[in-house]
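Remarks on the structure that follows.
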Amino acid sequence: MTLTIAISQTAGCFADPAAALDLLDATARRARAAQADLLVLPELFCTGYNLGAARARSLAMTPDDETFDRLRAIARAHGLAICLGFPERVDENIANSAALIDASGDILLIYRKIHLFGALDRAMFSLRGEGFPVVPWRGLKLGLAICYDIEFPETARALAIAGADLVLVPTALMPPYDIVADHLIPTRAYENQVFIAYANHCGSEDGLAYIGKSSICGPDGAVLAKAADGPALITATIDPAHQAEIRARDPLLADRRAPLYRSLAT
């Protein structure tokens, strides 16, 4: 059974979660009208990314907050799974997190960014993720990564070894890192034989610009859909049968010689 993935590339609603939820509702309606089964949005979609430490803390939320009640209601109302980023409060810490919510409004996964990017991330976030979980969804296994995470080859490989078929990547990619969007994402998909949905911001926030170039890539490295640098809703239909054919033809994971790679983790 094929599935349709949508990505919303958007400038979002900076530091305004209520407006972001209104935008999400409208975007989910458009995605469902395009027959999408899953909608992926950028890193920290609920608040914007370039918040600074004080705003990140003041806007941080938990999956028990009213914001999540509405997120779950939007997923239910449109019959659409949703993946999006948010600043998560965990006790006294703040994490850069992403949620995967199914079409019934159930939270399937909360993922916390593992690799913090530079002084910007480290100023805002005091808690990092500690693993690469995958969850079942519509006959597939899904894993998440956030922005800088996917620039480490170990991230996608760990998810693939854990059984991921589709990796969702909310991101906030800025200049001069076009190489990530243009070359690295298709490569990650190819070398791990997974589908990747890479959802970026566009426009700018408080002086920080984003390059767009969101994409959906196939397990053979093919770019199935790609945005330019402005607002866009892109979709692609993914076919698990095609993925199975790719994996059978070229059994990359099975042909690894893992004992020889142990030094890479030390």
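Convention: chains lettered A, B, ... in structure tokens order; per-chain residue numbering from 1; ligands numbered from 1 as shown.
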- Near Ala236 of chain A, counting only C-alpha atoms, which residues have an atom at most 8 Å away, once you skip same-chain residues fewer than 4 positions from it, shown as a list in words? Thr4, Ile5, Ala6, Ile216, Leu224 and Ala225 of chain A
- Message: Would you pick out the contacts of segment 36-51 of chain A at 6 Å or less, using only C-alpha atoms, so that residues sharing its chain but fewer than 4 positions from it are not included, and give the list as a PyMOL selection string?
- Response: chain A and resi 4-8+14-17+20+31-32+55-56+80-86+170-172+199-201
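Excluding His183 of chain A itself and any same-chain residue fewer than 6 positions from it, the protein and nucleic acid residues within 12 Å of it, counting only C-alpha atoms, are Glu151, Tyr177, Ala189, Tyr190, Lys213, Ser215, Cys217, Gly221, Ala222 and Val223 of chain A.
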Please produce a file of those selected residues containing C-alpha atoms, as a PDB file, in the first residue's frame.
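The resulting part22.pdb:
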```pdb
ATOM      1  CA  GLU A 151      24.419  15.491   9.252  1.00  0.00           C
ATOM      2  CA  TYR A 177      24.703  24.803   4.204  1.00  0.00           C
ATOM      3  CA  ALA A 189      18.465   8.007   1.868  1.00  0.00           C
ATOM      4  CA  TYR A 190      20.530   6.000  -0.605  1.00  0.00           C
ATOM      5  CA  LYS A 213      14.904  23.307  -0.149  1.00  0.00           C
ATOM      6  CA  SER A 215      12.597  17.443   0.087  1.00  0.00           C
ATOM      7  CA  CYS A 217      13.791  11.314  -1.078  1.00  0.00           C
ATOM      8  CA  GLY A 221      18.477   8.384  -3.541  1.00  0.00           C
ATOM      9  CA  ALA A 222      15.858   9.705  -5.965  1.00  0.00           C
ATOM     10  CA  VAL A 223      14.445  13.130  -5.120  1.00  0.00           C
TER      11      VAL A 223
END
```
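In this comparison, which uses only C-alpha atoms, the residue of A:Phe68, A:Tyr148, A:Tyr198, A:Trp137 approaching Ser214 of chain A most closely is A:Tyr198.
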- From a DSSP calculation on the backbone, collect every residue of segment 23-256 of chain A in helix (DSSP H, G or I) and output the set as a PyMOL selection string. chain A and resi 23-33+52-59+66-78+118-124+147-151+153-161+178-192+240-249
- Task: Give the answer as one residue: which of A:Asp255, A:Arg112, A:Ile101, A:Ala119 has the shortest atom-to-atom distance to Pro136 of chain A, using only C-alpha atoms?
- Result: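 For Pro136 of chain A, the nearest of the given residues is A:Ile101.
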- Task: Write out as an NGL selection string which residues come within 12 Å of Gly52 of chain A when counting only C-alpha atoms, dropping same-chain ones fewer than 4 positions away.
- Result: :A and (14-15 or 47-48 or 56-60 or 87 or 119-125 or 205-206 or 208)
- Message: With distances taken over only C-alpha atoms, which residue among A:Ala98, A:Val194, A:Ile107, A:Ala181 lies nearest Leu253 of chain A?
- Response: A:Val194
- Item | Point-to-point distance from atom CA of Arg262 of chain A to atom CA of Gly131 of chain A, Å rounded to tenths |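 Distance between the two atoms: 17.8 Å.
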- Query: In terms of the shortest atom-to-atom distance over only C-alpha atoms, which of A:Ala197, A:Ile246, A:Leu109, A:Val134 is closest to Ile150 of chain A?
  - Reply: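 So, comparing all the options, the nearest one is A:Ala197.
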- Between atom CA of Gln35 of chain A and atom CA of Cys202 of chain A - distance in Å to one decimal: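 About the pair atom CA of Cys202 of chain A and atom CA of Gln35 of chain A: they are 23.8 Å apart.
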- A:Asp149, A:Asp165, A:Asp250, A:Asp182 ranked by distance to Ile238 of chain A, top pick (using only C-alpha atoms):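 When distances to Ile238 of chain A are compared using only C-alpha atoms, the smallest one comes from A:Asp165.
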